[in-house]
$ cat data_21.csv   # CSV, C-alpha atoms
chain,number,residue,atom,x,y,z
A,1,MET,CA,109.0,-8.2,-242.4
A,2,ILE,CA,107.4,-5.8,-239.9
A,3,LYS,CA,106.5,-7.6,-236.7
A,4,VAL,CA,103.9,-5.9,-234.4
A,5,ILE,CA,102.5,-6.8,-231.0
A,6,GLN,CA,99.0,-5.5,-230.2
A,7,LEU,CA,99.3,-5.1,-226.4
A,8,ILE,CA,96.2,-4.9,-224.3
A,9,GLY,CA,94.9,-5.8,-220.8
A,10,SER,CA,91.5,-7.2,-221.6
A,11,THR,CA,88.8,-9.0,-219.7
A,12,GLY,CA,86.2,-9.3,-222.5
A,13,VAL,CA,85.6,-8.5,-226.1
A,14,PHE,CA,84.5,-4.9,-226.2
A,15,GLY,CA,85.1,-1.9,-228.5
A,16,ALA,CA,88.9,-1.8,-228.3
A,17,GLU,CA,89.2,-5.6,-228.6
A,18,ARG,CA,86.9,-5.7,-231.7
A,19,TRP,CA,89.0,-2.8,-233.1
A,20,ILE,CA,92.2,-4.8,-232.8
A,21,LEU,CA,90.6,-7.9,-234.3
A,22,ALA,CA,89.3,-5.8,-237.2
A,23,LEU,CA,92.7,-4.2,-237.8
A,24,MET,CA,94.5,-7.6,-237.8
A,25,ARG,CA,92.0,-9.2,-240.2
A,26,TYR,CA,92.9,-6.6,-242.9
A,27,LEU,CA,96.7,-6.2,-242.4
A,28,ASP,CA,98.5,-7.8,-245.3
A,29,PRO,CA,100.4,-10.8,-243.8
A,30,LYS,CA,103.1,-10.4,-246.5
A,31,GLU,CA,103.9,-7.0,-245.1
A,32,VAL,CA,103.0,-7.1,-241.4
A,33,HIS,CA,103.0,-10.1,-239.0
A,34,CYS,CA,100.8,-9.2,-236.0
A,35,THR,CA,100.2,-10.9,-232.6
A,36,ILE,CA,97.9,-10.0,-229.8
A,37,VAL,CA,99.5,-10.1,-226.3
A,38,ASN,CA,96.9,-9.8,-223.6
A,39,LEU,CA,98.1,-8.9,-220.1
A,40,VAL,CA,96.6,-11.1,-217.4
A,41,ASP,CA,97.1,-10.7,-213.6
A,42,GLU,CA,96.2,-14.3,-212.7
A,43,LYS,CA,97.1,-17.5,-214.4
A,44,THR,CA,94.2,-19.7,-215.6
A,45,GLU,CA,94.0,-22.8,-217.8
A,46,GLU,CA,91.5,-21.1,-220.2
A,47,ASP,CA,92.3,-18.5,-222.8
A,48,SER,CA,91.1,-15.0,-222.1
A,49,PRO,CA,88.1,-13.9,-224.2
A,50,ILE,CA,90.1,-11.9,-226.6
A,51,VAL,CA,92.7,-14.6,-227.1
A,52,ALA,CA,89.9,-17.2,-227.6
A,53,GLU,CA,88.2,-14.9,-230.1
A,54,ALA,CA,91.4,-14.3,-232.0
A,55,HIS,CA,92.1,-18.0,-232.3
A,56,LYS,CA,88.6,-18.6,-233.7
A,57,ARG,CA,89.5,-16.2,-236.4
A,58,GLY,CA,92.9,-17.8,-237.1
A,59,LEU,CA,94.8,-14.9,-235.6
A,60,ASP,CA,98.0,-15.1,-233.5
A,61,ALA,CA,97.3,-14.3,-229.8
A,62,ILE,CA,98.7,-15.2,-226.4
A,63,ASP,CA,97.9,-14.4,-222.7
A,64,PHE,CA,101.0,-12.9,-220.9
A,65,TYR,CA,101.1,-13.4,-217.2
A,66,THR,CA,102.3,-10.1,-215.5
A,67,GLY,CA,102.7,-11.4,-212.0
A,68,GLY,CA,100.2,-8.9,-210.6
A,69,LYS,CA,98.9,-5.5,-211.4
A,70,PHE,CA,101.6,-3.1,-212.6
A,71,ASN,CA,104.4,-5.5,-212.0
A,72,PRO,CA,107.5,-3.8,-213.5
A,73,LEU,CA,109.4,-7.1,-213.6
A,74,ALA,CA,107.0,-8.2,-216.4
A,75,ALA,CA,108.8,-5.7,-218.7
A,76,SER,CA,112.0,-7.6,-218.6
A,77,ARG,CA,110.3,-10.9,-219.5
A,78,LEU,CA,108.3,-9.2,-222.2
A,79,ALA,CA,111.4,-7.5,-223.7
A,80,SER,CA,113.3,-10.9,-223.7
A,81,TRP,CA,110.3,-12.5,-225.5
A,82,LEU,CA,110.1,-9.7,-228.1
A,83,ASP,CA,113.8,-9.9,-228.7
A,84,LYS,CA,113.8,-13.6,-229.1
A,85,ASN,CA,110.9,-13.4,-231.6
A,86,GLN,CA,112.2,-10.4,-233.4
A,87,TYR,CA,109.3,-8.0,-233.0
A,88,ASN,CA,109.9,-4.4,-234.2
A,89,ILE,CA,106.8,-2.5,-232.8
A,90,LEU,CA,104.8,-2.6,-229.6
A,91,HIS,CA,101.4,-1.1,-230.3
A,92,SER,CA,99.6,-0.6,-226.9
A,93,HIS,CA,96.0,0.0,-226.0
A,94,GLY,CA,95.0,1.4,-222.6
A,95,TYR,CA,96.9,2.8,-219.6
A,96,LYS,CA,98.0,-0.6,-218.3
A,97,SER,CA,99.5,-1.7,-221.6
A,98,ASP,CA,101.0,1.8,-222.2
A,99,PHE,CA,102.8,1.6,-218.9
A,100,LEU,CA,104.3,-1.8,-219.7
A,101,ALA,CA,105.2,-0.8,-223.2
A,102,TYR,CA,107.1,2.2,-221.9
A,103,LEU,CA,109.0,0.0,-219.4
A,104,THR,CA,109.7,-2.6,-222.0
A,105,LYS,CA,111.3,-0.1,-224.3
A,106,LYS,CA,113.6,0.8,-221.4
A,107,LYS,CA,114.8,-2.8,-221.6
A,108,LYS,CA,114.8,-3.1,-225.4
A,109,LYS,CA,116.1,0.1,-226.9
A,110,ASP,CA,115.6,-0.8,-230.5
A,111,LEU,CA,111.8,-1.3,-229.9
A,112,PHE,CA,109.4,1.2,-231.3
A,113,ILE,CA,106.3,1.9,-229.2
A,114,ILE,CA,103.1,3.4,-230.4
A,115,SER,CA,99.7,3.8,-228.6
A,116,THR,CA,96.2,4.1,-229.8
A,117,PRO,CA,94.1,5.8,-227.1
A,118,HIS,CA,90.5,4.6,-227.3
A,119,GLY,CA,89.1,7.3,-225.0
A,120,TRP,CA,89.1,8.2,-221.4
A,121,SER,CA,86.6,7.1,-218.7
A,122,LYS,CA,83.7,9.5,-218.1
A,123,GLU,CA,82.8,8.3,-214.6
A,124,ALA,CA,86.2,7.3,-213.3
A,125,ASP,CA,87.0,7.2,-209.6
A,126,LEU,CA,89.9,9.1,-208.2
A,127,LYS,CA,92.3,6.2,-208.6
A,128,LEU,CA,91.4,5.6,-212.3
A,129,ARG,CA,91.6,9.4,-213.0
A,130,LEU,CA,95.1,9.4,-211.6
A,131,TYR,CA,96.1,6.4,-213.7
A,132,GLU,CA,94.7,8.0,-216.9
A,133,ARG,CA,96.4,11.4,-216.1
A,134,ALA,CA,99.7,9.5,-215.7
A,135,ASP,CA,99.1,7.7,-218.9
A,136,ARG,CA,98.6,10.9,-220.9
A,137,PHE,CA,101.9,12.2,-219.4
A,138,LEU,CA,103.6,8.9,-220.3
A,139,LEU,CA,102.4,9.1,-223.9
A,140,LYS,CA,104.7,12.1,-224.5
A,141,ARG,CA,107.6,9.6,-224.4
A,142,PHE,CA,106.1,7.3,-227.1
A,143,ASP,CA,107.4,7.2,-230.7
A,144,CYS,CA,103.9,7.8,-232.0
A,145,VAL,CA,100.4,8.3,-230.6
A,146,VAL,CA,97.4,7.5,-232.9
A,147,PRO,CA,94.0,8.7,-231.6
A,148,LEU,CA,90.8,7.4,-233.1
A,149,SER,CA,89.0,10.8,-233.3
A,150,THR,CA,89.6,14.5,-233.8
A,151,LYS,CA,88.3,15.1,-230.2
A,152,LEU,CA,90.9,12.7,-228.8
A,153,LEU,CA,93.6,14.3,-231.0
A,154,GLU,CA,92.8,17.8,-229.7
A,155,GLY,CA,92.8,16.5,-226.1
A,156,LEU,CA,96.2,14.9,-226.6
A,157,LYS,CA,97.6,18.2,-228.0
A,158,ALA,CA,96.2,20.0,-225.0
A,159,ASP,CA,98.1,17.5,-222.8
A,160,GLY,CA,101.3,18.7,-224.4
A,161,ILE,CA,102.0,15.8,-226.7
A,162,SER,CA,104.0,17.0,-229.7
A,163,SER,CA,102.1,17.3,-233.0
A,164,SER,CA,105.1,15.5,-234.7
A,165,LYS,CA,104.2,12.4,-232.7
A,166,LEU,CA,100.5,12.5,-233.3
A,167,ARG,CA,98.7,10.7,-236.2
A,168,LEU,CA,95.0,10.7,-236.6
A,169,ILE,CA,93.6,7.4,-238.0
A,170,LEU,CA,89.8,7.3,-237.5
A,171,ASN,CA,88.0,4.5,-235.9
A,172,ALA,CA,86.6,1.8,-238.2
A,173,VAL,CA,84.6,-1.4,-238.4
A,174,ASP,CA,84.9,-4.8,-240.1
A,175,LEU,CA,82.1,-4.6,-242.7
A,176,GLU,CA,82.5,-8.2,-243.9
A,177,GLU,CA,82.2,-9.6,-240.4
A,178,ILE,CA,79.1,-7.6,-239.7
A,179,ASP,CA,77.5,-8.7,-243.0
A,180,ASN,CA,78.2,-12.4,-242.1
A,181,ILE,CA,76.4,-12.3,-238.6
A,182,ALA,CA,72.8,-13.5,-238.5
A,183,SER,CA,70.2,-11.5,-236.7
A,184,LYS,CA,69.1,-12.7,-233.3
A,185,ASP,CA,65.5,-13.9,-233.1
A,186,LEU,CA,63.8,-11.7,-230.5
A,187,GLY,CA,60.3,-12.9,-231.1
A,188,PRO,CA,57.3,-11.0,-232.5
A,189,TYR,CA,58.1,-7.6,-230.9
A,190,ILE,CA,59.5,-4.3,-232.3
A,191,TYR,CA,62.7,-3.5,-230.4
A,192,VAL,CA,64.3,-0.2,-229.7
A,193,GLY,CA,67.8,-1.0,-228.4
A,194,TYR,CA,71.0,0.2,-226.8
A,195,ILE,CA,74.4,-1.6,-226.8
A,196,GLY,CA,77.3,-0.5,-224.5
A,197,ARG,CA,78.2,0.2,-220.9
A,198,LEU,CA,75.3,0.9,-218.6
A,199,ILE,CA,76.6,4.1,-217.0
A,200,GLU,CA,74.8,7.4,-216.3
A,201,SER,CA,76.8,9.5,-218.8
A,202,LYS,CA,75.3,7.4,-221.6
A,203,GLY,CA,72.0,9.3,-221.1
A,204,LEU,CA,70.0,6.1,-220.6
A,205,LYS,CA,67.4,7.7,-218.4
A,206,SER,CA,66.3,9.8,-221.3
A,207,LEU,CA,66.0,6.6,-223.4
A,208,LEU,CA,63.8,5.0,-220.8
A,209,ASP,CA,61.7,8.1,-220.4
A,210,ALA,CA,61.2,8.3,-224.2
A,211,PHE,CA,60.2,4.6,-224.3
A,212,LYS,CA,57.5,5.3,-221.6
A,213,ILE,CA,56.1,8.0,-224.0
A,214,LEU,CA,56.2,5.6,-227.0
A,215,ILE,CA,54.5,2.5,-225.5
A,216,SER,CA,51.0,4.2,-225.6
A,217,GLN,CA,51.5,4.6,-229.4
A,218,PHE,CA,53.2,1.3,-230.2
A,219,HIS,CA,51.7,-1.5,-228.1
A,220,ASN,CA,54.1,-4.1,-229.6
A,221,LEU,CA,57.2,-2.1,-228.8
A,222,ARG,CA,60.0,-3.3,-226.5
A,223,LEU,CA,63.2,-1.8,-225.2
A,224,GLY,CA,66.4,-3.8,-224.9
A,225,PHE,CA,69.8,-3.2,-223.2
A,226,VAL,CA,72.9,-5.1,-224.1
A,227,GLY,CA,75.7,-4.5,-221.7
A,228,LYS,CA,76.6,-4.2,-218.0
A,229,GLY,CA,77.5,-1.3,-215.7
A,230,PRO,CA,77.0,0.5,-212.5
A,231,PHE,CA,73.8,2.3,-213.7
A,232,GLU,CA,72.0,-1.0,-214.4
A,233,ALA,CA,70.5,-1.2,-210.9
A,234,GLU,CA,69.1,2.3,-211.1
A,235,LEU,CA,67.6,1.5,-214.6
A,236,ILE,CA,66.0,-1.7,-213.2
A,237,LYS,CA,64.5,0.3,-210.4
A,238,MET,CA,63.0,2.9,-212.8
A,239,VAL,CA,61.5,0.1,-214.9
A,240,ARG,CA,59.9,-1.4,-211.9
A,241,ASP,CA,58.6,1.9,-210.6
A,242,ALA,CA,57.0,2.6,-214.0
A,243,ASN,CA,55.4,-0.9,-214.0
A,244,ILE,CA,56.9,-1.8,-217.4
A,245,VAL,CA,59.0,-4.8,-216.4
A,246,ASP,CA,57.4,-7.0,-219.1
A,247,LYS,CA,58.4,-4.5,-221.8
A,248,VAL,CA,62.1,-3.9,-221.0
A,249,GLU,CA,64.9,-6.5,-221.4
A,250,PHE,CA,68.3,-6.4,-219.8
A,251,TRP,CA,70.4,-9.0,-221.6
A,252,GLY,CA,73.7,-8.3,-220.0
A,253,TYR,CA,77.1,-8.5,-221.8
A,254,LYS,CA,76.8,-10.5,-225.0
A,255,SER,CA,79.8,-11.5,-227.1
A,256,ASN,CA,77.4,-11.7,-230.1
A,257,SER,CA,76.1,-8.2,-229.6
A,258,ILE,CA,75.9,-7.6,-233.4
A,259,ALA,CA,73.3,-10.3,-233.7
A,260,TYR,CA,71.1,-8.4,-231.2
A,261,LEU,CA,71.9,-5.1,-233.0
A,262,LYS,CA,70.6,-6.5,-236.3
A,263,ALA,CA,67.3,-7.4,-234.6
A,264,PHE,CA,66.6,-3.8,-233.5
A,265,SER,CA,64.2,-1.6,-235.5
A,266,VAL,CA,66.0,1.4,-234.0
A,267,PHE,CA,69.4,1.8,-232.3
A,268,VAL,CA,69.7,4.6,-229.8
A,269,LEU,CA,72.8,6.3,-228.4
A,270,PRO,CA,71.7,9.1,-226.0
A,271,SER,CA,75.1,9.9,-224.6
A,272,PHE,CA,76.2,13.2,-223.1
A,273,SER,CA,79.7,12.8,-224.6
A,274,GLU,CA,81.4,10.5,-227.1
A,275,GLY,CA,84.5,10.2,-229.4
A,276,ILE,CA,83.5,8.6,-232.6
A,277,PRO,CA,81.2,5.8,-231.3
A,278,ARG,CA,81.9,2.4,-232.6
A,279,CYS,CA,78.4,1.2,-231.7
A,280,ILE,CA,76.9,3.8,-234.1
A,281,MET,CA,79.3,2.8,-236.8
A,282,GLU,CA,78.3,-0.9,-236.4
A,283,ALA,CA,74.6,0.0,-236.5
A,284,MET,CA,75.1,2.1,-239.7
A,285,ALA,CA,77.1,-0.8,-241.3
A,286,ALA,CA,74.4,-3.2,-240.3
A,287,ARG,CA,71.7,-1.0,-241.9
A,288,VAL,CA,69.9,-0.4,-238.6
A,289,PRO,CA,68.3,3.1,-238.2
A,290,VAL,CA,70.2,5.3,-235.7
A,291,VAL,CA,68.9,8.0,-233.3
A,292,ALA,CA,71.6,9.7,-231.4
A,293,SER,CA,72.2,12.7,-229.1
A,294,ASN,CA,73.3,15.8,-230.9
A,295,ILE,CA,76.9,15.9,-229.7
A,296,GLU,CA,80.2,16.4,-231.4
A,297,GLY,CA,81.3,12.7,-231.7
A,298,ASN,CA,77.9,11.5,-232.9
A,299,ARG,CA,77.7,14.3,-235.5
A,300,VAL,CA,80.8,12.9,-237.2
A,301,LEU,CA,78.7,9.9,-238.2
A,302,VAL,CA,75.0,10.9,-238.0
A,303,GLU,CA,74.0,13.6,-240.4
A,304,ASP,CA,70.5,14.6,-239.3
A,305,LYS,CA,67.8,13.2,-241.7
A,306,LYS,CA,70.4,11.8,-244.0
A,307,THR,CA,72.3,9.0,-242.2
A,308,GLY,CA,70.1,9.0,-239.0
A,309,LEU,CA,68.3,11.4,-236.6
A,310,LEU,CA,69.8,13.7,-234.0
A,311,PHE,CA,68.0,14.9,-230.9
A,312,PRO,CA,68.9,17.4,-228.1
A,313,VAL,CA,70.8,15.8,-225.3
A,314,GLY,CA,68.5,14.7,-222.5
A,315,ASP,CA,65.3,15.6,-224.3
A,316,ALA,CA,63.1,12.5,-223.9
A,317,LYS,CA,60.2,14.0,-225.8
A,318,ARG,CA,62.3,14.8,-228.9
A,319,LEU,CA,64.0,11.4,-228.6
A,320,ALA,CA,60.5,9.7,-228.6
A,321,ASP,CA,59.5,11.8,-231.6
A,322,SER,CA,62.6,10.7,-233.5
A,323,ILE,CA,62.0,7.0,-232.8
A,324,SER,CA,58.4,7.4,-233.7
A,325,TYR,CA,59.4,9.0,-237.0
A,326,ILE,CA,61.6,6.1,-238.0
A,327,LEU,CA,59.0,3.5,-237.0
A,328,THR,CA,56.2,5.2,-239.0
A,329,ASN,CA,58.2,6.3,-242.1
A,330,GLU,CA,59.6,3.1,-243.6
A,331,SER,CA,60.7,4.7,-246.9
A,332,LYS,CA,62.6,7.5,-245.2
A,333,ALA,CA,64.2,5.1,-242.7
A,334,LYS,CA,65.3,2.8,-245.6
A,335,GLU,CA,66.9,5.9,-247.4
A,336,MET,CA,68.8,6.9,-244.3
A,337,VAL,CA,70.2,3.4,-243.6
A,338,GLU,CA,71.4,3.1,-247.2
A,339,ASN,CA,73.1,6.5,-246.9
A,340,ALA,CA,74.6,5.4,-243.6
A,341,ARG,CA,76.0,2.2,-245.0
A,342,ALA,CA,77.6,4.1,-247.9
A,343,LYS,CA,79.2,6.5,-245.5
A,344,ILE,CA,80.8,3.7,-243.4
A,345,GLU,CA,82.0,2.0,-246.6
A,346,ARG,CA,83.6,5.2,-247.8
A,347,ASP,CA,85.1,6.6,-244.7
A,348,PHE,CA,85.2,4.0,-241.8
A,349,SER,CA,86.0,0.6,-243.1
A,350,ALA,CA,88.6,-1.6,-241.4
A,351,LYS,CA,90.3,-2.3,-244.7
A,352,THR,CA,91.1,1.4,-245.2
A,353,MET,CA,92.2,1.7,-241.6
A,354,ALA,CA,94.6,-1.3,-242.0
A,355,GLU,CA,96.2,0.3,-245.1
A,356,LYS,CA,96.8,3.5,-243.1
A,357,TYR,CA,98.4,1.6,-240.2
A,358,THR,CA,100.6,-0.4,-242.5
A,359,ASN,CA,101.9,2.9,-243.9
A,360,LEU,CA,102.4,4.2,-240.4
A,361,TYR,CA,104.3,1.0,-239.3
A,362,LYS,CA,106.6,1.4,-242.3
A,363,GLU,CA,107.2,5.1,-241.5
A,364,ILE,CA,108.0,4.4,-237.9
A,365,ILE,CA,110.7,1.8,-238.7
A,366,ASN,CA,111.8,3.7,-241.8
A,367,VAL,CA,111.0,0.9,-244.3
$ encode --input "data_21.csv" --output "structure tokens"
Amino acid sequence: MIKVIQLIGSTGVFGAERWILALMRYLDPKEVHCTIVNLVDEKTEEDSPIVAEAHKRGLDAIDFYTGGKFNPLAASRLASWLDKNQYNILHSHGYKSDFLAYLTKKKKKDLFIISTPHGWSKEADLKLRLYERADRFLLKRFDCVVPLSTKLLEGLKADGISSSKLRLILNAVDLEEIDNIASKDLGPYIYVGYIGRLIESKGLKSLLDAFKILISQFHNLRLGFVGKGPFEAELIKMVRDANIVDKVEFWGYKSNSIAYLKAFSVFVLPSFSEGIPRCIMEAMAARVPVVASNIEGNRVLVEDKKTGLLFPVGDAKRLADSISYILTNESKAKEMVENARAKIERDFSAKTMAEKYTNLYKEIINV
């Protein structure tokens, strides 16, 4: 039996956490036994969000108290626990868990360590940039590194990680889970929506500017943001200055974000830069029309006029035109969402991803 730990330092259920949950759902328990170990800096009586969510789904998960941020003594305790429970592979996610995985292998030599980088911060402060740079250096010493996109793969190669250690397994979503989530009732309005971190590099100003163009054409139209972030205050100020407070909703972080997604008439991702965005994959799987900025990562998923619409980065007028096109061309929008769903089923399903990871785990431990 292959026994794998999914190691993460998590404070919520975001993209990387949903990715882990989707992977674990489709791993064959006859071949792979998998457990989430979430690193926490402070002891609490309640389970962390990802552990609670895993338990809801009948998955193994525990919170592991580290004794503070980057406490190297935690590696000895983790190595002992892994040895006692006979785990073969430590699969880490994020710079904090990568750091601890590396130190744990120092204590448990027969342990295999692999990492899945989920992307790097676009608006990191100096401290975070240094952590992430150190992480990319550390990954050279892992047994295997498995990026989620071609862009991440090329970046890791540029960082000097040997091609022999790199395996590309594309990001994926849990189609069955998405299908089973009911749509949120948002009332009688038509919603254009965004889900994700509220940061400047997501191009959210252009979305707001496009919405201001559209409300003269669609009087029943509303704009909704699901997520939190440092750019929220600036967005709220822009909404107030434009006197459209009654037409824009800020819902904050929602653990049931898919329910909101399913209530949107159009999902928009106007980012300046992306890997392969999970939020677009989820929208395509949920048969919600997608409008996205014409950048490398988005183009992997959105084929213009076939699986969605693309617009030039930062061009609010073209973004408004694209949203208007979807809202006024029902038959074409339906054709695009069916094409989009088929693309996700074919190339980006969690079931396919789990099969690839099972083969990778077998290769690593030479089964």
$ residues_around --input "data_21.csv" --residues "region 305-313 of chain A" --least-positions-apart "6" --cutoff "6 Å" --atoms "all atoms listed in the file" --output "PyMOL selection string"
chain A and resi 290-294+319+336+339-340
$ closest_atom_pairs --input "data_21.csv" --of "region 153-262 of chain A" --to "region 145-149 of chain A" --cutoff "7 Å" --atoms "only C-alpha atoms" --output "JSON lines"
{"residue": "A:Leu153", "atom": "CA", "partner": "A:Pro147", "partner_atom": "CA", "distance": 5.6}
{"residue": "A:Lys165", "atom": "CA", "partner": "A:Val145", "partner_atom": "CA", "distance": 6.0}
{"residue": "A:Leu166", "atom": "CA", "partner": "A:Val145", "partner_atom": "CA", "distance": 5.0}
{"residue": "A:Arg167", "atom": "CA", "partner": "A:Val146", "partner_atom": "CA", "distance": 4.8}
{"residue": "A:Leu168", "atom": "CA", "partner": "A:Val146", "partner_atom": "CA", "distance": 5.4}
{"residue": "A:Ile169", "atom": "CA", "partner": "A:Leu148", "partner_atom": "CA", "distance": 5.6}
{"residue": "A:Leu170", "atom": "CA", "partner": "A:Leu148", "partner_atom": "CA", "distance": 4.5}
{"residue": "A:Asn171", "atom": "CA", "partner": "A:Leu148", "partner_atom": "CA", "distance": 4.9}
$ atom_distance --input "data_21.csv" --atom1 "CA of Ile181 (chain A)" --atom2 "CA of Asp60 (chain A)"
22.4 Å
$ closest_atom_pairs --input "data_21.csv" --of "region 69-114 of chain A" --to "region 354-364 of chain A" --cutoff "12 Å" --atoms "all atoms listed in the file" --output "Markdown table"
| residue | atom | partner | partner_atom | distance |
| --- | --- | --- | --- | --- |
| A:Asn88 | CA | A:Tyr361 | CA | 9.3 |
| A:Ile89 | CA | A:Tyr361 | CA | 7.8 |
| A:Leu90 | CA | A:Tyr361 | CA | 10.4 |
| A:His91 | CA | A:Tyr361 | CA | 9.7 |
| A:Asp110 | CA | A:Ile364 | CA | 11.8 |
| A:Leu111 | CA | A:Ile364 | CA | 10.5 |
| A:Phe112 | CA | A:Ile364 | CA | 7.5 |
| A:Ile113 | CA | A:Ile364 | CA | 9.2 |
| A:Ile114 | CA | A:Ile364 | CA | 9.0 |
$ closest_residue --input "data_21.csv" --among "A:Lys212, A:Lys228, A:Arg318, A:Lys56" --to "Ile244 (chain A)" --atoms "only C-alpha atoms"
A:Lys212
$ closest_residue --input "data_21.csv" --among "A:Asn220, A:Ser265, A:Ser255, A:Ser162" --to "Tyr191 (chain A)" --atoms "all atoms listed in the file"
A:Ser265
$ residues_around --input "data_21.csv" --residues "Ala350 (chain A)" --least-positions-apart "2" --cutoff "12 Å" --atoms "only C-alpha atoms" --output "VMD selection string"
chain A and resid 18 to 27 169 to 178 278 281 to 282 285 344 to 348 352 to 357
$ atom_distance --input "data_21.csv" --atom1 "CA of Phe225 (chain A)" --atom2 "CA of Tyr194 (chain A)"
5.1 Å
$ closest_residue --input "data_21.csv" --among "A:Lys69, A:Asn85, A:Thr44, A:Ile295" --to "Lys3 (chain A)" --atoms "only C-alpha atoms"
A:Asn85
$ closest_residue --input "data_21.csv" --among "A:Thr66, A:Glu234, A:Ile280, A:Ser163" --to "Leu301 (chain A)" --atoms "only C-alpha atoms"
A:Ile280
$ residues_around --input "data_21.csv" --residues "Gly196 (chain A)" --least-positions-apart "3" --cutoff "12 Å" --atoms "only C-alpha atoms" --output "PyMOL selection string"
chain A and resi 13-15+193+199-204+224-229+231-232+250-255+257-258+261+267-271+277-280+282
$ atom_distance --input "data_21.csv" --atom1 "CA of Leu139 (chain A)" --atom2 "CA of Ile161 (chain A)"
7.3 Å
$ residues_near_point --input "data_21.csv" --point "(100.5, -14.3, -233.2)" --cutoff "12 Å" --atoms "only C-alpha atoms" --output "ChimeraX atom specification"
/A:3-7,21,24,29,32-38,51,54-55,57-63,82,85,87
$ closest_residue --input "data_21.csv" --among "A:Ile365, A:Ala320, A:Ile213, A:Val302" --to "Lys343 (chain A)" --atoms "only C-alpha atoms"
A:Val302
$ closest_residue --input "data_21.csv" --among "A:Ala158, A:Ile8, A:Ala134, A:Leu235" --to "Leu100 (chain A)" --atoms "all atoms listed in the file"
A:Ile8
